[in-house]
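Pasting upload.cif here (mmCIF, N, CA and C atoms):
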data_input
#
loop_
_atom_site.label_atom_id
_atom_site.label_comp_id
_atom_site.auth_asym_id
_atom_site.auth_seq_id
_atom_site.Cartn_x
_atom_site.Cartn_y
_atom_site.Cartn_z
N MET A 45 22.67 50.56 -72.51
CA MET A 45 23.50 50.54 -71.31
C MET A 45 23.22 49.25 -70.54
N PRO A 46 24.28 48.48 -70.19
CA PRO A 46 24.05 47.26 -69.44
C PRO A 46 23.58 47.57 -68.02
N SER A 47 22.81 46.65 -67.48
CA SER A 47 22.38 46.84 -66.10
C SER A 47 23.55 46.54 -65.17
N PRO A 48 23.60 47.17 -64.01
CA PRO A 48 24.71 46.95 -63.09
C PRO A 48 24.66 45.53 -62.53
N PRO A 49 25.83 45.00 -62.15
CA PRO A 49 25.85 43.65 -61.58
C PRO A 49 25.04 43.59 -60.29
N THR A 50 24.42 42.45 -60.09
CA THR A 50 23.68 42.23 -58.85
C THR A 50 24.67 41.82 -57.76
N PRO A 51 24.25 41.85 -56.50
CA PRO A 51 25.16 41.44 -55.42
C PRO A 51 25.68 40.01 -55.59
N THR A 52 24.93 39.15 -56.25
CA THR A 52 25.38 37.77 -56.43
C THR A 52 26.21 37.58 -57.70
N PHE A 53 26.35 38.64 -58.49
CA PHE A 53 27.08 38.51 -59.75
C PHE A 53 28.50 38.01 -59.53
N TRP A 54 29.22 38.57 -58.56
CA TRP A 54 30.59 38.13 -58.30
C TRP A 54 30.62 36.64 -57.97
N HIS A 55 29.69 36.19 -57.15
CA HIS A 55 29.66 34.76 -56.79
C HIS A 55 29.36 33.90 -58.01
N ASP A 56 28.50 34.39 -58.89
CA ASP A 56 28.21 33.67 -60.12
C ASP A 56 29.46 33.60 -61.01
N VAL A 57 30.20 34.70 -61.09
CA VAL A 57 31.45 34.73 -61.85
C VAL A 57 32.41 33.69 -61.28
N TRP A 58 32.60 33.71 -59.98
CA TRP A 58 33.54 32.80 -59.35
C TRP A 58 33.14 31.34 -59.59
N ALA A 59 31.85 31.04 -59.48
CA ALA A 59 31.38 29.66 -59.70
C ALA A 59 31.65 29.22 -61.14
N LEU A 60 31.40 30.10 -62.10
CA LEU A 60 31.63 29.75 -63.49
C LEU A 60 33.12 29.57 -63.78
N VAL A 61 33.94 30.47 -63.26
CA VAL A 61 35.39 30.38 -63.50
C VAL A 61 35.96 29.10 -62.91
N ARG A 62 35.38 28.62 -61.83
CA ARG A 62 35.83 27.35 -61.24
C ARG A 62 35.63 26.18 -62.21
N THR A 63 34.76 26.32 -63.20
CA THR A 63 34.49 25.21 -64.13
C THR A 63 35.43 25.21 -65.34
N ILE A 64 36.25 26.23 -65.50
CA ILE A 64 37.19 26.27 -66.62
C ILE A 64 38.28 25.23 -66.36
N PRO A 65 38.46 24.30 -67.29
CA PRO A 65 39.46 23.25 -67.05
C PRO A 65 40.90 23.79 -67.09
N PRO A 66 41.80 23.12 -66.39
CA PRO A 66 43.21 23.50 -66.46
C PRO A 66 43.69 23.45 -67.91
N GLY A 67 44.55 24.39 -68.26
CA GLY A 67 45.11 24.43 -69.61
C GLY A 67 44.20 25.08 -70.63
N ARG A 68 43.10 25.67 -70.18
CA ARG A 68 42.16 26.36 -71.07
C ARG A 68 41.95 27.77 -70.55
N VAL A 69 41.57 28.67 -71.44
CA VAL A 69 41.30 30.06 -71.07
C VAL A 69 40.01 30.52 -71.73
N THR A 70 39.45 31.56 -71.15
CA THR A 70 38.28 32.22 -71.74
C THR A 70 38.44 33.71 -71.52
N SER A 71 37.55 34.49 -72.10
CA SER A 71 37.65 35.94 -71.97
C SER A 71 36.66 36.46 -70.93
N TYR A 72 36.94 37.67 -70.48
CA TYR A 72 36.04 38.33 -69.53
C TYR A 72 34.65 38.45 -70.13
N GLY A 73 34.58 38.84 -71.40
CA GLY A 73 33.30 38.99 -72.07
C GLY A 73 32.55 37.68 -72.22
N THR A 74 33.28 36.59 -72.46
CA THR A 74 32.63 35.28 -72.57
C THR A 74 32.03 34.88 -71.24
N VAL A 75 32.74 35.12 -70.15
CA VAL A 75 32.19 34.82 -68.83
C VAL A 75 30.91 35.62 -68.62
N GLY A 76 30.95 36.90 -68.93
CA GLY A 76 29.75 37.74 -68.78
C GLY A 76 28.61 37.22 -69.64
N ALA A 77 28.91 36.86 -70.90
CA ALA A 77 27.87 36.36 -71.80
C ALA A 77 27.28 35.06 -71.29
N MET A 78 28.11 34.19 -70.77
CA MET A 78 27.61 32.91 -70.24
C MET A 78 26.71 33.12 -69.02
N LEU A 79 26.89 34.26 -68.36
CA LEU A 79 26.05 34.59 -67.20
C LEU A 79 24.87 35.48 -67.60
N GLY A 80 24.71 35.70 -68.91
CA GLY A 80 23.58 36.49 -69.38
C GLY A 80 23.84 37.98 -69.42
N SER A 81 25.10 38.39 -69.24
CA SER A 81 25.46 39.81 -69.24
C SER A 81 26.67 40.05 -70.13
N PRO A 82 26.50 39.94 -71.44
CA PRO A 82 27.65 40.02 -72.35
C PRO A 82 28.38 41.36 -72.34
N ARG A 83 27.76 42.40 -71.86
CA ARG A 83 28.40 43.71 -71.87
C ARG A 83 29.05 44.07 -70.52
N LEU A 84 29.19 43.08 -69.65
CA LEU A 84 29.76 43.35 -68.33
C LEU A 84 31.14 42.73 -68.16
N ALA A 85 31.95 42.75 -69.22
CA ALA A 85 33.30 42.19 -69.14
C ALA A 85 34.11 42.85 -68.02
N ARG A 86 33.99 44.16 -67.90
CA ARG A 86 34.75 44.85 -66.83
C ARG A 86 34.29 44.41 -65.45
N ALA A 87 33.01 44.18 -65.29
CA ALA A 87 32.50 43.72 -63.99
C ALA A 87 33.05 42.33 -63.68
N VAL A 88 33.23 41.50 -64.70
CA VAL A 88 33.86 40.19 -64.50
C VAL A 88 35.28 40.40 -63.99
N GLY A 89 36.00 41.33 -64.60
CA GLY A 89 37.35 41.64 -64.14
C GLY A 89 37.37 42.13 -62.70
N TRP A 90 36.43 42.97 -62.35
CA TRP A 90 36.35 43.46 -60.96
C TRP A 90 36.09 42.30 -60.00
N ALA A 91 35.21 41.40 -60.39
CA ALA A 91 34.89 40.25 -59.54
C ALA A 91 36.14 39.40 -59.29
N LEU A 92 36.93 39.20 -60.34
CA LEU A 92 38.15 38.39 -60.18
C LEU A 92 39.21 39.15 -59.39
N HIS A 93 39.28 40.45 -59.58
CA HIS A 93 40.24 41.25 -58.83
C HIS A 93 39.91 41.25 -57.33
N ALA A 94 38.64 41.09 -57.00
CA ALA A 94 38.19 41.13 -55.61
C ALA A 94 38.37 39.81 -54.86
N LEU A 95 38.87 38.80 -55.54
CA LEU A 95 39.06 37.50 -54.88
C LEU A 95 40.00 37.62 -53.69
N PRO A 96 39.71 36.90 -52.62
CA PRO A 96 40.60 36.94 -51.46
C PRO A 96 41.88 36.14 -51.73
N PRO A 97 42.95 36.47 -51.02
CA PRO A 97 44.19 35.69 -51.17
C PRO A 97 43.94 34.21 -50.87
N GLY A 98 44.63 33.34 -51.58
CA GLY A 98 44.49 31.91 -51.34
C GLY A 98 43.22 31.30 -51.89
N THR A 99 42.52 32.01 -52.76
CA THR A 99 41.27 31.52 -53.32
C THR A 99 41.47 30.26 -54.15
N ASP A 100 40.41 29.46 -54.27
CA ASP A 100 40.46 28.29 -55.13
C ASP A 100 39.91 28.59 -56.53
N VAL A 101 39.54 29.83 -56.77
CA VAL A 101 39.04 30.24 -58.09
C VAL A 101 40.25 30.43 -59.02
N PRO A 102 40.29 29.71 -60.14
CA PRO A 102 41.43 29.81 -61.05
C PRO A 102 41.34 31.06 -61.93
N TRP A 103 41.48 32.21 -61.32
CA TRP A 103 41.33 33.50 -61.98
C TRP A 103 42.26 33.67 -63.17
N GLN A 104 43.38 32.97 -63.14
CA GLN A 104 44.36 33.12 -64.22
C GLN A 104 43.83 32.66 -65.57
N ARG A 105 42.77 31.88 -65.58
CA ARG A 105 42.23 31.33 -66.82
C ARG A 105 41.33 32.30 -67.57
N VAL A 106 41.19 33.52 -67.09
CA VAL A 106 40.37 34.53 -67.77
C VAL A 106 41.30 35.62 -68.28
N ILE A 107 41.27 35.84 -69.59
CA ILE A 107 42.14 36.80 -70.25
C ILE A 107 41.29 37.72 -71.13
N ASN A 108 41.93 38.67 -71.79
CA ASN A 108 41.13 39.60 -72.59
C ASN A 108 40.73 38.99 -73.94
N ALA A 109 39.86 39.64 -74.64
CA ALA A 109 39.31 39.12 -75.89
C ALA A 109 40.35 38.98 -76.99
N ARG A 110 41.47 39.67 -76.86
CA ARG A 110 42.55 39.56 -77.85
C ARG A 110 43.47 38.37 -77.55
N GLY A 111 43.14 37.62 -76.49
CA GLY A 111 43.94 36.46 -76.12
C GLY A 111 45.17 36.80 -75.30
N ARG A 112 45.15 37.97 -74.69
CA ARG A 112 46.31 38.42 -73.93
C ARG A 112 45.95 38.66 -72.46
N ILE A 113 46.97 38.68 -71.65
CA ILE A 113 46.79 39.03 -70.25
C ILE A 113 46.64 40.54 -70.16
N SER A 114 45.69 40.98 -69.35
CA SER A 114 45.47 42.42 -69.13
C SER A 114 46.18 42.83 -67.85
N PHE A 115 47.34 43.43 -67.99
CA PHE A 115 48.13 43.81 -66.81
C PHE A 115 47.48 44.94 -66.03
N ARG A 116 46.91 45.92 -66.71
CA ARG A 116 46.19 47.02 -66.06
C ARG A 116 46.97 47.65 -64.91
N GLY A 117 48.27 47.85 -65.11
CA GLY A 117 49.07 48.52 -64.09
C GLY A 117 49.52 47.61 -62.96
N ASP A 118 49.21 46.32 -63.01
CA ASP A 118 49.61 45.38 -61.97
C ASP A 118 50.51 44.33 -62.61
N ASP A 119 51.77 44.72 -62.84
CA ASP A 119 52.70 43.83 -63.53
C ASP A 119 52.95 42.54 -62.78
N ILE A 120 53.01 42.60 -61.46
CA ILE A 120 53.29 41.40 -60.67
C ILE A 120 52.17 40.38 -60.84
N ARG A 121 50.93 40.82 -60.73
CA ARG A 121 49.81 39.88 -60.90
C ARG A 121 49.76 39.36 -62.34
N GLY A 122 50.08 40.21 -63.30
CA GLY A 122 50.12 39.78 -64.69
C GLY A 122 51.18 38.72 -64.94
N MET A 123 52.36 38.91 -64.35
CA MET A 123 53.43 37.92 -64.49
C MET A 123 53.03 36.62 -63.80
N GLU A 124 52.38 36.73 -62.63
CA GLU A 124 51.91 35.54 -61.93
C GLU A 124 50.88 34.80 -62.78
N GLN A 125 49.99 35.54 -63.42
CA GLN A 125 48.99 34.92 -64.28
C GLN A 125 49.65 34.15 -65.42
N GLU A 126 50.63 34.77 -66.05
CA GLU A 126 51.32 34.10 -67.15
C GLU A 126 52.03 32.84 -66.66
N LEU A 127 52.71 32.92 -65.53
CA LEU A 127 53.40 31.75 -64.99
C LEU A 127 52.43 30.62 -64.67
N ARG A 128 51.29 30.96 -64.08
CA ARG A 128 50.29 29.94 -63.76
C ARG A 128 49.75 29.28 -65.02
N LEU A 129 49.47 30.09 -66.04
CA LEU A 129 48.96 29.53 -67.28
C LEU A 129 50.00 28.65 -67.97
N ARG A 130 51.24 29.09 -68.00
CA ARG A 130 52.31 28.28 -68.60
C ARG A 130 52.46 26.95 -67.86
N ALA A 131 52.33 27.00 -66.53
CA ALA A 131 52.43 25.78 -65.73
C ALA A 131 51.30 24.80 -66.07
N GLU A 132 50.19 25.31 -66.56
CA GLU A 132 49.06 24.46 -66.96
C GLU A 132 49.19 24.01 -68.43
N GLY A 133 50.24 24.47 -69.11
CA GLY A 133 50.45 24.07 -70.49
C GLY A 133 49.96 25.06 -71.53
N VAL A 134 49.44 26.20 -71.11
CA VAL A 134 48.99 27.22 -72.05
C VAL A 134 50.22 27.88 -72.66
N GLU A 135 50.19 28.02 -73.97
CA GLU A 135 51.32 28.63 -74.69
C GLU A 135 50.91 29.99 -75.23
N PHE A 136 51.88 30.89 -75.26
CA PHE A 136 51.68 32.23 -75.78
C PHE A 136 52.49 32.38 -77.07
N GLY A 137 51.89 32.98 -78.08
CA GLY A 137 52.58 33.22 -79.34
C GLY A 137 53.59 34.34 -79.20
N PRO A 138 54.34 34.58 -80.27
CA PRO A 138 55.34 35.66 -80.25
C PRO A 138 54.74 37.03 -79.96
N ASP A 139 53.46 37.19 -80.28
CA ASP A 139 52.78 38.46 -80.02
C ASP A 139 52.19 38.52 -78.61
N GLY A 140 52.40 37.46 -77.81
CA GLY A 140 51.90 37.43 -76.44
C GLY A 140 50.47 36.95 -76.32
N ALA A 141 49.89 36.49 -77.43
CA ALA A 141 48.50 36.05 -77.42
C ALA A 141 48.40 34.53 -77.37
N VAL A 142 47.30 34.07 -76.81
CA VAL A 142 46.97 32.65 -76.76
C VAL A 142 46.18 32.30 -78.02
N ASP A 143 46.41 31.13 -78.56
CA ASP A 143 45.66 30.64 -79.71
C ASP A 143 44.31 30.11 -79.22
N TRP A 144 43.25 30.84 -79.52
CA TRP A 144 41.92 30.47 -79.05
C TRP A 144 41.52 29.07 -79.54
N SER A 145 41.93 28.70 -80.74
CA SER A 145 41.52 27.40 -81.28
C SER A 145 42.16 26.25 -80.51
N ARG A 146 43.28 26.49 -79.87
CA ARG A 146 43.95 25.44 -79.08
C ARG A 146 43.59 25.49 -77.60
N PHE A 147 43.47 26.68 -77.06
CA PHE A 147 43.35 26.83 -75.61
C PHE A 147 42.04 27.47 -75.15
N GLY A 148 41.20 27.89 -76.08
CA GLY A 148 39.96 28.56 -75.70
C GLY A 148 38.93 27.63 -75.09
N TRP A 149 38.16 28.18 -74.17
CA TRP A 149 37.07 27.46 -73.52
C TRP A 149 35.87 28.39 -73.42
N PRO A 150 34.70 27.93 -73.73
CA PRO A 150 34.48 26.69 -74.46
C PRO A 150 35.12 26.79 -75.84
N ALA A 151 35.35 25.64 -76.47
CA ALA A 151 36.04 25.62 -77.77
C ALA A 151 35.36 26.59 -78.72
N ARG A 152 36.17 27.45 -79.38
CA ARG A 152 35.61 28.48 -80.23
C ARG A 152 36.04 28.33 -81.68
N GLY A 153 37.00 27.48 -81.96
CA GLY A 153 37.41 27.29 -83.33
C GLY A 153 38.30 28.38 -83.88
N GLY A 154 38.78 29.26 -83.06
CA GLY A 154 39.71 30.30 -83.51
C GLY A 154 39.05 31.63 -83.72
N ASP A 155 39.54 32.62 -83.03
CA ASP A 155 39.03 33.99 -83.17
C ASP A 155 40.00 34.81 -83.97
#
What does the file become when written as structure tokens?
Amino acid sequence: MPSPPTPTFWHDVWALVRTIPPGRVTSYGTVGAMLGSPRLARAVGWALHALPPGTDVPWQRVINARGRISFRGDDIRGMEQELRLRAEGVEFGPDGAVDWSRFGWPARGGD
């Protein structure tokens, strides 16, 4: 069982997500793993969901491990995420997934 996030975990998530370059994406699990908590992908999602309006954290650059946007019942935010990513040059395949070998960060060589 993973340990629960610390009070600073959200701030650590936000700081790391700020380093993702435009036009690149990573997964919730990768963010957690880079912070030493590979099994806290959901906590990464919660941290991004808790961002205040007008944030400078590029939350749109974090997607699920299948290379897709996780709508989770929030279609408007999901559509906004897709629009933001497309504006950065990220392309989605016919199946709605991003090609990790082209757009993944850090470069993963294709999942």
*Pick from A:Val106, A:Pro65, A:Trp58, A:Val75: nearest to A:Ala91, with all atoms listed in the file counted?*
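Looking at the shortest contact to A:Ala91, the residue is A:Trp58.
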*Run DSSP on the backbone and give me the residues of stretch 48-140 of chain A it puts in helix (DSSP H, G or I), as JSON, numbers by chain.*
{"A": [53, 54, 55, 56, 57, 58, 59, 60, 61, 72, 73, 74, 75, 76, 77, 78, 85, 86, 87, 88, 89, 90, 91, 92, 93, 103, 104, 105, 119, 120, 121, 122, 123, 124, 125, 126, 127, 128, 129, 130, 131]}
*Name the residues that the PyMOL selection byres (((chain A and resi 101 and name CA) around 7) and name CA) picks from the file above, as a ChimeraX atom specification, using the file's chain letters and numbers.*
/A:58,61-62,99-100,102-103
_Result set, the PyMOL selection byres (((chain A and resi 143 and name CA) around 12) and name CA) on current file, as a PyMOL selection string_ = chain A and resi 67-70+107+109-112+134-142+144-149+151-155
*Could you check which of A:Leu60, A:Pro150, A:Asp118, A:Phe53 is closest to A:Ala87, using only N, CA and C atoms?*
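Of the candidates, the smallest distance to A:Ala87 is held by A:Phe53.
Within 6.5 Å of the point (37.2, 42.2, -72.6), counting all atoms listed in the file, the protein and nucleic acid residues come to Ser71, Tyr72, Gly73, Ala85, Arg86, Ile107, Asn108 and Ala109 of chain A.
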Saved selection, atoms kept: N, CA and C atoms, as a short mmCIF file (atom, residue, chain, number, x, y, z; two decimals), keeping the file's coordinate frame:
data_model
loop_
_atom_site.label_atom_id
_atom_site.label_comp_id
_atom_site.auth_asym_id
_atom_site.auth_seq_id
_atom_site.Cartn_x
_atom_site.Cartn_y
_atom_site.Cartn_z
N SER A 71 37.55 34.49 -72.10
CA SER A 71 37.65 35.94 -71.97
C SER A 71 36.66 36.46 -70.93
N TYR A 72 36.94 37.67 -70.48
CA TYR A 72 36.04 38.33 -69.53
C TYR A 72 34.65 38.45 -70.13
N GLY A 73 34.58 38.84 -71.40
CA GLY A 73 33.30 38.99 -72.07
C GLY A 73 32.55 37.68 -72.22
N ALA A 85 31.95 42.75 -69.22
CA ALA A 85 33.30 42.19 -69.14
C ALA A 85 34.11 42.85 -68.02
N ARG A 86 33.99 44.16 -67.90
CA ARG A 86 34.75 44.85 -66.83
C ARG A 86 34.29 44.41 -65.45
N ILE A 107 41.27 35.84 -69.59
CA ILE A 107 42.14 36.80 -70.25
C ILE A 107 41.29 37.72 -71.13
N ASN A 108 41.93 38.67 -71.79
CA ASN A 108 41.13 39.60 -72.59
C ASN A 108 40.73 38.99 -73.94
N ALA A 109 39.86 39.64 -74.64
CA ALA A 109 39.31 39.12 -75.89
C ALA A 109 40.35 38.98 -76.99
#
*What is the atom C of A:Gly133 to atom CA of A:Ile64 distance in Å?*
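For atom C of A:Gly133 relative to atom CA of A:Ile64, the distance reads 13.7 Å.
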Spatial neighbours of A:Gly122, max dist 7 Å, only N, CA and C atoms, sep filter under 6 positions, as a PDB file with N, CA and C atoms, in the coordinates of the input:
ATOM      1  N   ILE A 113      46.970  38.680 -71.650  1.00  0.00           N
ATOM      2  CA  ILE A 113      46.790  39.030 -70.250  1.00  0.00           C
ATOM      3  C   ILE A 113      46.640  40.540 -70.160  1.00  0.00           C
ATOM      4  N   SER A 114      45.690  40.980 -69.350  1.00  0.00           N
ATOM      5  CA  SER A 114      45.470  42.420 -69.130  1.00  0.00           C
ATOM      6  C   SER A 114      46.180  42.830 -67.850  1.00  0.00           C
ATOM      7  N   PHE A 115      47.340  43.430 -67.990  1.00  0.00           N
ATOM      8  CA  PHE A 115      48.130  43.810 -66.810  1.00  0.00           C
ATOM      9  C   PHE A 115      47.480  44.940 -66.030  1.00  0.00           C
TER      10      PHE A 115
END
*How many Å lie between atom CA of A:Trp54 and atom CA of A:Gly76, rounded to one decimal?*
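Result for atom CA of A:Trp54 versus atom CA of A:Gly76: 10.5 Å, one decimal.
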*Just list the residues in chain A DSSP gives strand (DSSP E or B) on the backbone, as a list in words.*
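After running DSSP on the backbone, chain A has strand (DSSP E or B) at Val69, Thr70, Ser71, Val106, Ile107, Phe136, Val142 and Gly148 of chain A.
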_Using Å and a single decimal, report how far atom CA of A:Val88 sits from atom CA of A:Arg130._
22.3 Å
*Which polymer residues have any atom within 7 Å of an atom of A:Glu132, counting only C-alpha atoms, with same-chain residues fewer than 3 positions away left out, as a VMD selection string?*
chain A and resid 66 to 67 128 to 129
